[in-house]
$ cat final03.cif   # mmCIF, C-alpha atoms
data_work
loop_
_atom_site.group_PDB
_atom_site.id
_atom_site.type_symbol
_atom_site.label_atom_id
_atom_site.label_comp_id
_atom_site.auth_asym_id
_atom_site.auth_seq_id
_atom_site.Cartn_x
_atom_site.Cartn_y
_atom_site.Cartn_z
ATOM 1 C CA MET A 1 6.131 22.992 8.743
ATOM 2 C CA ILE A 2 4.936 26.481 7.890
ATOM 3 C CA PHE A 3 3.972 25.308 4.416
ATOM 4 C CA GLY A 4 2.016 22.536 6.001
ATOM 5 C CA ILE A 5 0.126 24.990 8.185
ATOM 6 C CA MET A 6 -0.568 27.174 5.171
ATOM 7 C CA MET A 7 -1.985 24.201 3.317
ATOM 8 C CA THR A 8 -4.550 23.366 5.944
ATOM 9 C CA LYS A 9 -8.045 24.623 5.481
ATOM 10 C CA HIS A 10 -8.992 27.454 7.790
ATOM 11 C CA ASP A 11 -11.762 29.288 6.034
ATOM 12 C CA GLY A 12 -14.323 28.785 8.725
ATOM 13 C CA GLU A 13 -17.210 28.582 6.287
ATOM 14 C CA GLU A 14 -18.383 25.061 6.849
ATOM 15 C CA PRO A 15 -18.074 24.246 10.509
ATOM 16 C CA GLN A 16 -18.565 20.491 9.839
ATOM 17 C CA GLU A 17 -18.334 19.618 13.478
ATOM 18 C CA GLU A 18 -16.226 16.512 13.864
ATOM 19 C CA LYS A 19 -18.081 13.886 15.748
ATOM 20 C CA THR A 20 -16.019 12.450 18.528
ATOM 21 C CA THR A 21 -16.371 8.737 18.200
ATOM 22 C CA PRO A 22 -15.780 6.267 21.024
ATOM 23 C CA GLN A 23 -12.496 5.372 19.338
ATOM 24 C CA GLN A 24 -11.334 8.917 19.836
ATOM 25 C CA TYR A 25 -12.068 8.824 23.525
ATOM 26 C CA THR A 26 -10.172 5.561 23.776
ATOM 27 C CA LEU A 27 -7.316 7.153 21.864
ATOM 28 C CA LEU A 28 -7.256 10.160 24.154
ATOM 29 C CA GLY A 29 -7.243 7.891 27.177
ATOM 30 C CA GLY A 30 -4.467 5.808 25.690
ATOM 31 C CA SER A 31 -2.334 8.837 24.950
ATOM 32 C CA VAL A 32 -2.795 10.203 28.451
ATOM 33 C CA ALA A 33 -1.987 6.784 29.898
ATOM 34 C CA LEU A 34 1.181 6.611 27.829
ATOM 35 C CA PHE A 35 2.142 10.041 29.047
ATOM 36 C CA GLY A 36 1.497 8.932 32.618
ATOM 37 C CA ILE A 37 3.765 5.918 32.203
ATOM 38 C CA LEU A 38 6.469 8.079 30.653
ATOM 39 C CA PHE A 39 6.089 10.659 33.435
ATOM 40 C CA TYR A 40 6.436 7.983 36.099
ATOM 41 C CA ALA A 41 9.497 6.502 34.398
ATOM 42 C CA ILE A 42 11.137 9.898 34.001
ATOM 43 C CA GLN A 43 10.503 10.825 37.603
ATOM 44 C CA LYS A 44 11.885 7.482 38.777
ATOM 45 C CA ALA A 45 15.018 7.740 36.702
ATOM 46 C CA GLU A 46 18.250 8.783 38.255
ATOM 47 C CA PHE A 47 20.856 10.457 36.179
ATOM 48 C CA VAL A 48 24.477 9.914 36.941
ATOM 49 C CA PRO A 49 26.177 13.243 36.644
ATOM 50 C CA ALA A 50 28.986 12.790 34.198
ATOM 51 C CA ALA A 51 31.394 15.316 32.892
ATOM 52 C CA PHE A 52 30.466 16.562 29.496
ATOM 53 C CA ASN A 53 33.209 18.080 27.443
ATOM 54 C CA PRO A 54 31.545 19.969 24.628
ATOM 55 C CA GLY A 55 34.787 21.241 23.231
ATOM 56 C CA VAL A 56 35.797 24.826 22.928
ATOM 57 C CA ASP A 57 33.540 25.507 20.016
ATOM 58 C CA ASN A 58 30.493 23.284 19.889
ATOM 59 C CA THR A 59 29.617 23.840 16.255
ATOM 60 C CA LYS A 60 33.172 23.332 15.150
ATOM 61 C CA GLU A 61 33.338 20.143 17.196
ATOM 62 C CA ILE A 62 30.176 18.820 15.544
ATOM 63 C CA GLY A 63 31.573 19.588 12.125
ATOM 64 C CA LEU A 64 34.885 17.929 12.881
ATOM 65 C CA GLN A 65 33.182 14.791 14.181
ATOM 66 C CA MET A 66 30.815 14.665 11.259
ATOM 67 C CA TYR A 67 33.588 14.872 8.708
ATOM 68 C CA THR A 68 35.986 12.512 10.417
ATOM 69 C CA MET A 69 34.114 9.768 12.232
ATOM 70 C CA HIS A 70 30.781 9.910 10.439
ATOM 71 C CA VAL A 71 31.703 10.522 6.830
ATOM 72 C CA ILE A 72 30.036 7.412 5.414
ATOM 73 C CA PRO A 73 26.644 8.041 7.085
ATOM 74 C CA PHE A 74 26.876 11.634 5.941
ATOM 75 C CA GLU A 75 27.362 10.569 2.337
ATOM 76 C CA ILE A 76 24.561 8.034 2.583
ATOM 77 C CA ILE A 77 22.248 10.672 4.048
ATOM 78 C CA SER A 78 23.080 13.056 1.237
ATOM 79 C CA LEU A 79 22.337 10.346 -1.302
ATOM 80 C CA LEU A 80 19.058 9.564 0.461
ATOM 81 C CA LEU A 81 18.024 13.202 0.463
ATOM 82 C CA THR A 82 18.811 13.571 -3.224
ATOM 83 C CA VAL A 83 16.846 10.468 -4.141
ATOM 84 C CA ALA A 84 13.923 11.516 -1.947
ATOM 85 C CA PHE A 85 13.702 14.999 -3.392
ATOM 86 C CA ILE A 86 13.943 13.757 -6.972
ATOM 87 C CA GLY A 87 11.238 11.251 -6.173
ATOM 88 C CA ALA A 88 9.083 13.946 -4.642
ATOM 89 C CA ILE A 89 9.445 16.132 -7.711
ATOM 90 C CA VAL A 90 8.601 13.229 -10.016
ATOM 91 C CA LEU A 91 5.563 12.384 -7.907
ATOM 92 C CA ALA A 92 4.261 15.919 -7.683
ATOM 93 C CA LYS A 93 4.921 17.255 -11.149
ATOM 94 C CA LYS A 94 2.058 17.678 -13.549
ATOM 95 C CA GLU A 95 1.507 14.769 -15.833
ATOM 96 C CA GLU A 96 1.221 15.836 -19.445
ATOM 97 C CA GLU A 97 -1.838 14.496 -21.157
ATOM 98 C CA MET B 98 15.984 14.748 42.335
ATOM 99 C CA VAL B 99 14.717 17.186 39.788
ATOM 100 C CA SER B 100 17.459 17.950 37.358
ATOM 101 C CA LEU B 101 17.389 19.708 34.049
ATOM 102 C CA ALA B 102 17.403 16.389 32.230
ATOM 103 C CA ASN B 103 13.979 15.566 33.659
ATOM 104 C CA SER B 104 12.439 18.667 32.192
ATOM 105 C CA TYR B 105 13.900 17.947 28.763
ATOM 106 C CA LEU B 106 12.577 14.415 28.856
ATOM 107 C CA LEU B 107 9.181 15.611 30.076
ATOM 108 C CA LEU B 108 8.908 18.104 27.233
ATOM 109 C CA ALA B 109 9.796 15.349 24.795
ATOM 110 C CA ALA B 110 7.175 13.068 26.320
ATOM 111 C CA ILE B 111 4.508 15.773 26.053
ATOM 112 C CA LEU B 112 5.445 16.422 22.424
ATOM 113 C CA PHE B 113 5.375 12.716 21.623
ATOM 114 C CA CYS B 114 1.956 12.171 23.175
ATOM 115 C CA MET B 115 0.498 15.179 21.386
ATOM 116 C CA GLY B 116 1.924 13.906 18.118
ATOM 117 C CA LEU B 117 0.599 10.417 18.716
ATOM 118 C CA TYR B 118 -2.896 11.667 19.451
ATOM 119 C CA GLY B 119 -2.876 13.987 16.454
ATOM 120 C CA ALA B 120 -1.520 11.396 14.044
ATOM 121 C CA LEU B 121 -4.114 8.831 15.033
ATOM 122 C CA SER B 122 -7.186 10.984 15.441
ATOM 123 C CA LYS B 123 -7.138 13.794 12.894
ATOM 124 C CA LYS B 124 -8.808 13.484 9.531
ATOM 125 C CA SER B 125 -6.741 15.887 7.461
ATOM 126 C CA ALA B 126 -3.670 14.203 6.042
ATOM 127 C CA ILE B 127 -1.521 17.305 6.379
ATOM 128 C CA ILE B 128 -2.181 17.530 10.094
ATOM 129 C CA VAL B 129 -1.213 13.880 10.343
ATOM 130 C CA LEU B 130 2.096 14.701 8.644
ATOM 131 C CA LEU B 131 2.654 17.582 11.050
ATOM 132 C CA SER B 132 1.987 15.300 13.990
ATOM 133 C CA ILE B 133 4.521 12.797 12.710
ATOM 134 C CA GLU B 134 7.032 15.641 12.540
ATOM 135 C CA LEU B 135 6.169 16.444 16.150
ATOM 136 C CA MET B 136 6.967 12.897 17.217
ATOM 137 C CA LEU B 137 10.258 12.949 15.311
ATOM 138 C CA ASN B 138 11.210 16.181 17.016
ATOM 139 C CA ALA B 139 10.469 14.651 20.397
ATOM 140 C CA ALA B 140 12.909 11.867 19.558
ATOM 141 C CA ASN B 141 15.501 14.450 18.524
ATOM 142 C CA LEU B 142 15.047 16.286 21.802
ATOM 143 C CA ASN B 143 15.666 13.051 23.667
ATOM 144 C CA LEU B 144 18.830 12.435 21.669
ATOM 145 C CA ILE B 145 20.142 15.889 22.512
ATOM 146 C CA ALA B 146 19.232 15.574 26.187
ATOM 147 C CA PHE B 147 20.929 12.202 26.550
ATOM 148 C CA SER B 148 23.996 13.444 24.731
ATOM 149 C CA LYS B 149 24.473 15.891 27.596
ATOM 150 C CA TYR B 150 23.010 14.136 30.639
ATOM 151 C CA GLY B 151 23.357 10.481 29.689
ATOM 152 C CA VAL B 152 25.703 7.890 31.095
ATOM 153 C CA ALA B 153 28.326 8.450 28.446
ATOM 154 C CA PRO B 154 27.942 12.043 27.332
ATOM 155 C CA SER B 155 29.447 12.845 24.010
ATOM 156 C CA ILE B 156 28.737 14.942 20.991
ATOM 157 C CA THR B 157 27.583 11.965 18.919
ATOM 158 C CA GLY B 158 23.993 12.587 19.947
ATOM 159 C CA HIS B 159 24.025 15.905 18.186
ATOM 160 C CA ILE B 160 25.218 14.233 15.005
ATOM 161 C CA PHE B 161 22.567 11.551 15.300
ATOM 162 C CA SER B 162 19.898 14.183 15.669
ATOM 163 C CA LEU B 163 21.222 16.012 12.597
ATOM 164 C CA PHE B 164 20.929 12.799 10.602
ATOM 165 C CA SER B 165 17.432 12.173 11.860
ATOM 166 C CA ILE B 166 16.449 15.736 10.928
ATOM 167 C CA ALA B 167 17.654 14.986 7.397
ATOM 168 C CA VAL B 168 15.583 11.806 7.271
ATOM 169 C CA ALA B 169 12.585 13.756 8.571
ATOM 170 C CA ALA B 170 13.020 16.291 5.787
ATOM 171 C CA ALA B 171 13.047 13.512 3.193
ATOM 172 C CA GLU B 172 9.948 11.981 4.750
ATOM 173 C CA ALA B 173 8.080 15.277 4.783
ATOM 174 C CA ALA B 174 8.940 15.935 1.124
ATOM 175 C CA ILE B 175 7.738 12.509 0.041
ATOM 176 C CA GLY B 176 4.604 12.808 2.154
ATOM 177 C CA VAL B 177 3.612 16.168 0.721
ATOM 178 C CA ALA B 178 4.313 14.937 -2.822
ATOM 179 C CA ILE B 179 2.110 11.898 -2.282
ATOM 180 C CA LEU B 180 -0.592 14.167 -0.886
ATOM 181 C CA ILE B 181 -0.429 16.438 -3.924
ATOM 182 C CA ALA B 182 -0.664 13.499 -6.309
ATOM 183 C CA MET B 183 -3.546 12.091 -4.265
ATOM 184 C CA PHE B 184 -5.384 15.389 -4.285
ATOM 185 C CA ARG B 185 -4.930 15.692 -8.035
ATOM 186 C CA ASN B 186 -6.242 12.233 -8.757
ATOM 187 C CA ARG B 187 -8.951 11.897 -6.152
ATOM 188 C CA GLY B 188 -9.782 15.484 -5.220
ATOM 189 C CA THR B 189 -9.575 14.889 -1.512
ATOM 190 C CA SER B 190 -7.035 15.150 1.252
ATOM 191 C CA ASP B 191 -9.111 13.271 3.760
ATOM 192 C CA ILE B 192 -7.598 10.300 5.531
ATOM 193 C CA VAL B 193 -10.926 8.479 5.617
ATOM 194 C CA ASP B 194 -11.140 8.398 1.826
ATOM 195 C CA MET B 195 -7.719 6.799 1.430
ATOM 196 C CA ASP B 196 -8.955 3.236 1.620
ATOM 197 C CA SER B 197 -8.366 1.881 -1.874
ATOM 198 C CA LEU B 198 -6.062 -0.804 -0.467
ATOM 199 C CA LYS B 199 -8.922 -2.061 1.677
ATOM 200 C CA ARG B 200 -11.266 -2.740 -1.194
#
$ encode --input "final03.cif" --output "C-alpha coordinates"
Amino acid sequence: MIFGIMMTKHDGEEPQEEKTTPQQYTLLGGSVALFGILFYAIQKAEFVPAAFNPGVDNTKEIGLQMYTMHVIPFEIISLLLTVAFIGAIVLAKKEEE
Amino acid sequence: MVSLANSYLLLAAILFCMGLYGALSKKSAIIVLLSIELMLNAANLNLIAFSKYGVAPSITGHIFSLFSIAVAAAEAAIGVAILIAMFRNRGTSDIVDMDSLKR
(Lines of atoms letter the chains of each structure in order from A and count residues from 1; the text may use other names and numbers.)
(Lines give C-alpha, C1' and ligand atoms only; values in the text may rest on other atoms or scores of the structure.)
Protein backbone atom coordinates (compact mmCIF):
# COMPACT_ATOMS: atom_id res chain seq x y z
CA MET A 1 0.00 0.00 0.00
CA ILE A 2 2.81 2.39 0.85
CA PHE A 3 4.34 1.81 -2.57
CA GLY A 4 1.02 2.63 -4.09
CA ILE A 5 0.85 5.90 -2.19
CA MET A 6 4.39 6.73 -3.25
CA MET A 7 3.47 6.13 -6.87
CA THR A 8 0.63 8.61 -6.90
CA LYS A 9 1.28 12.05 -8.21
CA HIS A 10 1.42 14.72 -5.55
CA ASP A 11 3.51 17.48 -7.01
CA GLY A 12 0.85 20.12 -6.81
CA GLU A 13 2.01 21.89 -9.95
CA GLU A 14 -0.97 21.44 -12.18
CA PRO A 15 -4.10 21.72 -10.10
CA GLN A 16 -6.26 20.27 -12.94
CA GLU A 17 -9.42 20.59 -10.95
CA GLU A 18 -11.49 17.47 -11.43
CA LYS A 19 -14.91 18.34 -12.62
CA THR A 20 -17.57 16.62 -10.61
CA THR A 21 -19.92 15.16 -13.13
CA PRO A 22 -23.54 14.24 -12.41
CA GLN A 23 -22.44 10.61 -12.40
CA GLN A 24 -20.20 11.34 -9.46
CA TYR A 25 -23.01 12.85 -7.47
CA THR A 26 -25.13 9.81 -8.24
CA LEU A 27 -22.24 7.61 -7.16
CA LEU A 28 -21.81 9.50 -3.91
CA GLY A 29 -25.52 9.21 -3.23
CA GLY A 30 -25.46 5.52 -4.02
CA SER A 31 -22.54 4.89 -1.72
CA VAL A 32 -24.18 6.78 1.13
CA ALA A 33 -27.42 4.90 0.51
CA LEU A 34 -25.58 1.59 0.63
CA PHE A 35 -23.96 2.63 3.86
CA GLY A 36 -27.37 3.57 5.24
CA ILE A 37 -28.78 0.16 4.36
CA LEU A 38 -25.79 -1.56 5.93
CA PHE A 39 -26.07 0.63 9.04
CA TYR A 40 -29.75 -0.21 9.41
CA ALA A 41 -29.08 -3.93 8.97
CA ILE A 42 -26.23 -3.89 11.47
CA GLN A 43 -28.26 -2.03 14.04
CA LYS A 44 -31.17 -4.43 13.57
CA ALA A 45 -29.04 -7.51 13.92
CA GLU A 46 -28.94 -9.42 17.13
CA PHE A 47 -25.92 -11.41 18.02
CA VAL A 48 -26.28 -14.56 20.00
CA PRO A 49 -23.54 -14.58 22.55
CA ALA A 50 -21.67 -17.80 22.08
CA ALA A 51 -18.65 -19.05 23.87
CA PHE A 52 -15.51 -18.54 21.91
CA ASN A 53 -12.59 -20.71 22.79
CA PRO A 54 -9.54 -19.14 21.22
CA GLY A 55 -7.18 -21.68 22.64
CA VAL A 56 -4.36 -21.00 24.99
CA ASP A 57 -2.16 -19.49 22.36
CA ASN A 58 -4.05 -17.92 19.50
CA THR A 59 -1.21 -17.83 17.01
CA LYS A 60 -0.22 -21.38 17.76
CA GLU A 61 -3.84 -22.45 17.35
CA ILE A 62 -4.04 -20.76 13.95
CA GLY A 63 -0.86 -22.46 12.84
CA LEU A 64 -2.03 -25.86 14.03
CA GLN A 65 -5.36 -25.50 12.23
CA MET A 66 -3.72 -24.26 9.08
CA TYR A 67 -1.33 -27.18 8.91
CA THR A 68 -3.80 -29.87 9.86
CA MET A 69 -7.25 -29.06 8.54
CA HIS A 70 -6.38 -26.59 5.80
CA VAL A 71 -3.25 -28.01 4.25
CA ILE A 72 -4.61 -28.35 0.72
CA PRO A 73 -5.89 -24.74 0.49
CA PHE A 74 -2.59 -23.60 1.92
CA GLU A 75 -0.67 -25.40 -0.80
CA ILE A 76 -3.00 -24.09 -3.48
CA ILE A 77 -2.60 -20.55 -2.16
CA SER A 78 1.17 -20.88 -2.21
CA LEU A 79 1.02 -22.11 -5.79
CA LEU A 80 -1.28 -19.22 -6.71
CA LEU A 81 1.05 -16.68 -5.14
CA THR A 82 4.05 -18.11 -6.94
CA VAL A 83 2.29 -18.07 -10.29
CA ALA A 84 0.99 -14.54 -9.71
CA PHE A 85 4.37 -13.14 -8.76
CA ILE A 86 6.12 -14.80 -11.69
CA GLY A 87 3.42 -13.42 -13.95
CA ALA A 88 3.84 -9.97 -12.47
CA ILE A 89 7.58 -10.06 -13.04
CA VAL A 90 7.12 -11.23 -16.63
CA LEU A 91 4.57 -8.49 -17.24
CA ALA A 92 6.62 -5.72 -15.71
CA LYS A 93 10.11 -6.54 -16.88
CA LYS A 94 11.68 -4.50 -19.62
CA GLU A 95 11.24 -5.92 -23.05
CA GLU A 96 14.51 -6.10 -24.94
CA GLU A 97 14.35 -4.52 -28.34
CA MET B 1 -28.13 -3.76 22.09
CA VAL B 2 -24.84 -2.21 21.20
CA SER B 3 -22.16 -4.81 21.40
CA LEU B 4 -18.61 -4.79 20.22
CA ALA B 5 -19.57 -6.76 17.13
CA ASN B 6 -21.68 -3.84 15.90
CA SER B 7 -18.75 -1.49 15.96
CA TYR B 8 -16.57 -3.92 14.03
CA LEU B 9 -19.25 -4.37 11.41
CA LEU B 10 -19.82 -0.61 11.21
CA LEU B 11 -16.13 0.04 10.65
CA ALA B 12 -16.13 -2.58 7.92
CA ALA B 13 -19.18 -0.99 6.31
CA ILE B 14 -17.55 2.45 6.36
CA LEU B 15 -14.37 1.04 4.83
CA PHE B 16 -16.33 -0.78 2.15
CA CYS B 17 -18.34 2.28 1.16
CA MET B 18 -15.23 4.44 0.99
CA GLY B 19 -13.54 1.83 -1.17
CA LEU B 20 -16.55 1.53 -3.43
CA TYR B 21 -16.76 5.27 -3.96
CA GLY B 22 -13.03 5.56 -4.58
CA ALA B 23 -12.87 2.62 -6.97
CA LEU B 24 -15.72 3.92 -9.08
CA SER B 25 -15.01 7.63 -9.10
CA LYS B 26 -11.27 8.22 -9.13
CA LYS B 27 -9.33 8.67 -12.33
CA SER B 28 -5.90 7.47 -11.28
CA ALA B 29 -5.56 3.73 -11.65
CA ILE B 30 -3.36 3.38 -8.59
CA ILE B 31 -5.96 4.97 -6.36
CA VAL B 32 -8.48 2.56 -7.81
CA LEU B 33 -6.20 -0.33 -6.81
CA LEU B 34 -5.87 1.10 -3.31
CA SER B 35 -9.63 1.37 -3.03
CA ILE B 36 -10.04 -2.25 -4.05
CA GLU B 37 -7.59 -3.15 -1.29
CA LEU B 38 -9.76 -1.15 1.10
CA MET B 39 -12.82 -3.17 0.16
CA LEU B 40 -10.92 -6.44 0.57
CA ASN B 41 -9.79 -5.36 4.01
CA ALA B 42 -13.36 -4.57 4.98
CA ALA B 43 -14.29 -8.13 4.04
CA ASN B 44 -11.39 -9.44 6.13
CA LEU B 45 -12.55 -7.40 9.10
CA ASN B 46 -16.00 -8.93 8.77
CA LEU B 47 -14.51 -12.41 8.67
CA ILE B 48 -12.55 -11.76 11.85
CA ALA B 49 -15.53 -10.20 13.62
CA PHE B 50 -17.83 -13.09 12.77
CA SER B 51 -15.22 -15.61 13.81
CA LYS B 52 -15.52 -14.19 17.32
CA TYR B 53 -19.12 -12.97 17.58
CA GLY B 54 -20.88 -15.16 15.03
CA VAL B 55 -23.30 -17.99 15.63
CA ALA B 56 -20.62 -20.65 15.51
CA PRO B 57 -17.43 -18.97 16.66
CA SER B 58 -14.28 -20.72 15.69
CA ILE B 59 -10.80 -19.92 14.57
CA THR B 60 -11.53 -20.80 10.94
CA GLY B 61 -12.39 -17.19 10.19
CA HIS B 62 -8.86 -16.16 10.96
CA ILE B 63 -7.54 -18.73 8.51
CA PHE B 64 -9.99 -17.60 5.86
CA SER B 65 -8.86 -14.04 6.28
CA LEU B 66 -5.22 -15.11 5.98
CA PHE B 67 -6.03 -16.81 2.69
CA SER B 68 -7.89 -13.79 1.42
CA ILE B 69 -4.94 -11.57 2.37
CA ALA B 70 -2.75 -13.82 0.23
CA VAL B 71 -5.14 -13.52 -2.70
CA ALA B 72 -5.20 -9.75 -2.21
CA ALA B 73 -1.41 -9.67 -2.36
CA ALA B 74 -1.45 -11.60 -5.64
CA GLU B 75 -4.08 -9.25 -7.03
CA ALA B 76 -2.14 -6.15 -6.05
CA ALA B 77 1.05 -7.51 -7.63
CA ILE B 78 -0.69 -8.30 -10.90
CA GLY B 79 -2.48 -4.96 -10.90
CA VAL B 80 0.69 -2.94 -10.40
CA ALA B 81 2.49 -4.99 -13.07
CA ILE B 82 -0.31 -4.35 -15.55
CA LEU B 83 -0.17 -0.66 -14.68
CA ILE B 84 3.58 -0.53 -15.28
CA ALA B 85 3.24 -2.26 -18.64
CA MET B 86 0.38 0.08 -19.53
CA PHE B 87 2.36 3.15 -18.57
CA ARG B 88 5.32 1.96 -20.62
CA ASN B 89 3.27 1.33 -23.72
CA ARG B 90 0.77 4.15 -23.55
CA GLY B 91 2.43 6.72 -21.30
CA THR B 92 -0.60 7.20 -19.11
CA SER B 93 -2.01 5.84 -15.90
CA ASP B 94 -5.40 7.39 -16.37
CA ILE B 95 -8.46 5.19 -16.17
CA VAL B 96 -10.27 7.23 -18.80
CA ASP B 97 -7.65 6.43 -21.43
CA MET B 98 -7.94 2.68 -20.91
CA ASP B 99 -10.70 2.17 -23.44
CA SER B 100 -9.04 0.18 -26.21
CA LEU B 101 -11.52 -2.66 -25.69
CA LYS B 102 -14.35 -0.24 -26.42
CA ARG B 103 -13.12 0.74 -29.85
$ residues_around --input "final03.cif" --residues "A:Ala84" --least-positions-apart "4" --cutoff "8 Å" --atoms "only C-alpha atoms" --output "ChimeraX atom specification"
/A:80,88 /B:171-172,174-175
$ closest_atom_pairs --input "final03.cif" --of "chain B" --to "chain A" --cutoff "9 Å" --atoms "all atoms listed in the file" --output "Markdown table"
| residue | atom | partner | partner_atom | distance |
| --- | --- | --- | --- | --- |
| B:Met98 | CA | A:Glu46 | CA | 7.6 |
| B:Val99 | CA | A:Gln43 | CA | 7.9 |
| B:Ser100 | CA | A:Phe47 | CA | 8.3 |
| B:Ala102 | CA | A:Phe47 | CA | 7.9 |
| B:Asn103 | CA | A:Ile42 | CA | 6.3 |
| B:Leu106 | CA | A:Ile42 | CA | 7.0 |
| B:Leu107 | CA | A:Phe39 | CA | 6.7 |
| B:Ala110 | CA | A:Phe35 | CA | 6.5 |
| B:Ile111 | CA | A:Phe35 | CA | 6.9 |
| B:Phe113 | CA | A:Phe35 | CA | 8.5 |
| B:Cys114 | CA | A:Ser31 | CA | 5.7 |
| B:Met115 | CA | A:Ser31 | CA | 7.8 |
| B:Leu117 | CA | A:Ser31 | CA | 7.1 |
| B:Tyr118 | CA | A:Ser31 | CA | 6.2 |
| B:Leu121 | CA | A:Leu27 | CA | 7.7 |
| B:Ser122 | CA | A:Gln24 | CA | 6.4 |
| B:Ser125 | CA | A:Thr8 | CA | 7.9 |
| B:Ile127 | CA | A:Gly4 | CA | 6.3 |
| B:Ile128 | CA | A:Thr8 | CA | 7.5 |
| B:Leu130 | CA | A:Gly4 | CA | 8.3 |
| B:Leu131 | CA | A:Met1 | CA | 6.8 |
| B:Glu134 | CA | A:Met1 | CA | 8.3 |
| B:Ser148 | CA | A:Phe52 | CA | 8.6 |
| B:Lys149 | CA | A:Phe52 | CA | 6.3 |
| B:Tyr150 | CA | A:Pro49 | CA | 6.8 |
| B:Gly151 | CA | A:Phe47 | CA | 7.0 |
| B:Val152 | CA | A:Val48 | CA | 6.3 |
| B:Ala153 | CA | A:Ala50 | CA | 7.2 |
| B:Pro154 | CA | A:Phe52 | CA | 5.6 |
| B:Ser155 | CA | A:Phe52 | CA | 6.7 |
| B:Ile156 | CA | A:Pro54 | CA | 6.8 |
| B:Thr157 | CA | A:Gln65 | CA | 7.9 |
| B:His159 | CA | A:Ile62 | CA | 7.3 |
| B:Ile160 | CA | A:Met66 | CA | 6.7 |
| B:Phe164 | CA | A:Ile77 | CA | 7.0 |
| B:Ala167 | CA | A:Ile77 | CA | 7.1 |
| B:Val168 | CA | A:Leu81 | CA | 7.4 |
| B:Ala170 | CA | A:Leu81 | CA | 7.9 |
| B:Ala171 | CA | A:Ala84 | CA | 5.6 |
| B:Glu172 | CA | A:Ala84 | CA | 7.8 |
| B:Ala173 | CA | A:Met1 | CA | 8.9 |
| B:Ala174 | CA | A:Ala88 | CA | 6.1 |
| B:Ile175 | CA | A:Ala88 | CA | 5.1 |
| B:Gly176 | CA | A:Ala88 | CA | 8.2 |
| B:Val177 | CA | A:Ala88 | CA | 8.0 |
| B:Ala178 | CA | A:Ala92 | CA | 5.0 |
| B:Ile179 | CA | A:Leu91 | CA | 6.6 |
| B:Leu180 | CA | A:Ala92 | CA | 8.5 |
| B:Ile181 | CA | A:Ala92 | CA | 6.0 |
| B:Ala182 | CA | A:Ala92 | CA | 5.7 |
$ write_last_selection --input "final03.cif" --atoms "C-alpha atoms" --output "short mmCIF file (atom, residue, chain, number, x, y, z; two decimals), in the coordinates of the input"
data_model
loop_
_atom_site.label_atom_id
_atom_site.label_comp_id
_atom_site.auth_asym_id
_atom_site.auth_seq_id
_atom_site.Cartn_x
_atom_site.Cartn_y
_atom_site.Cartn_z
CA MET B 98 15.98 14.75 42.34
CA VAL B 99 14.72 17.19 39.79
CA SER B 100 17.46 17.95 37.36
CA ALA B 102 17.40 16.39 32.23
CA ASN B 103 13.98 15.57 33.66
CA LEU B 106 12.58 14.42 28.86
CA LEU B 107 9.18 15.61 30.08
CA ALA B 110 7.18 13.07 26.32
CA ILE B 111 4.51 15.77 26.05
CA PHE B 113 5.38 12.72 21.62
CA CYS B 114 1.96 12.17 23.18
CA MET B 115 0.50 15.18 21.39
CA LEU B 117 0.60 10.42 18.72
CA TYR B 118 -2.90 11.67 19.45
CA LEU B 121 -4.11 8.83 15.03
CA SER B 122 -7.19 10.98 15.44
CA SER B 125 -6.74 15.89 7.46
CA ILE B 127 -1.52 17.30 6.38
CA ILE B 128 -2.18 17.53 10.09
CA LEU B 130 2.10 14.70 8.64
CA LEU B 131 2.65 17.58 11.05
CA GLU B 134 7.03 15.64 12.54
CA SER B 148 24.00 13.44 24.73
CA LYS B 149 24.47 15.89 27.60
CA TYR B 150 23.01 14.14 30.64
CA GLY B 151 23.36 10.48 29.69
CA VAL B 152 25.70 7.89 31.10
CA ALA B 153 28.33 8.45 28.45
CA PRO B 154 27.94 12.04 27.33
CA SER B 155 29.45 12.84 24.01
CA ILE B 156 28.74 14.94 20.99
CA THR B 157 27.58 11.96 18.92
CA HIS B 159 24.02 15.90 18.19
CA ILE B 160 25.22 14.23 15.00
CA PHE B 164 20.93 12.80 10.60
CA ALA B 167 17.65 14.99 7.40
CA VAL B 168 15.58 11.81 7.27
CA ALA B 170 13.02 16.29 5.79
CA ALA B 171 13.05 13.51 3.19
CA GLU B 172 9.95 11.98 4.75
CA ALA B 173 8.08 15.28 4.78
CA ALA B 174 8.94 15.94 1.12
CA ILE B 175 7.74 12.51 0.04
CA GLY B 176 4.60 12.81 2.15
CA VAL B 177 3.61 16.17 0.72
CA ALA B 178 4.31 14.94 -2.82
CA ILE B 179 2.11 11.90 -2.28
CA LEU B 180 -0.59 14.17 -0.89
CA ILE B 181 -0.43 16.44 -3.92
CA ALA B 182 -0.66 13.50 -6.31
#
$ residues_around --input "final03.cif" --residues "B:Ala139" --least-positions-apart "2" --cutoff "7 Å" --atoms "only C-alpha atoms" --output "list in words"
Ala109, Ala110, Leu112, Phe113, Leu135, Met136, Leu137, Asn141, Leu142 and Asn143 of chain B
$ atom_distance --input "final03.cif" --atom1 "atom CA of B:Ala140" --atom2 "atom CA of B:Leu163"
11.6 Å
$ residues_around --input "final03.cif" --residues "B:Gly119" --least-positions-apart "4" --cutoff "7 Å" --atoms "all atoms listed in the file" --output "ChimeraX atom specification"
/B:115,123,129,132
$ closest_residue --input "final03.cif" --among "B:Ala126, B:Ile145, B:Ile166, B:Ile133" --to "B:Ser190" --atoms "only C-alpha atoms"
B:Ala126
$ atom_distance --input "final03.cif" --atom1 "atom CA of A:Val71" --atom2 "atom CA of B:Phe161"
12.5 Å
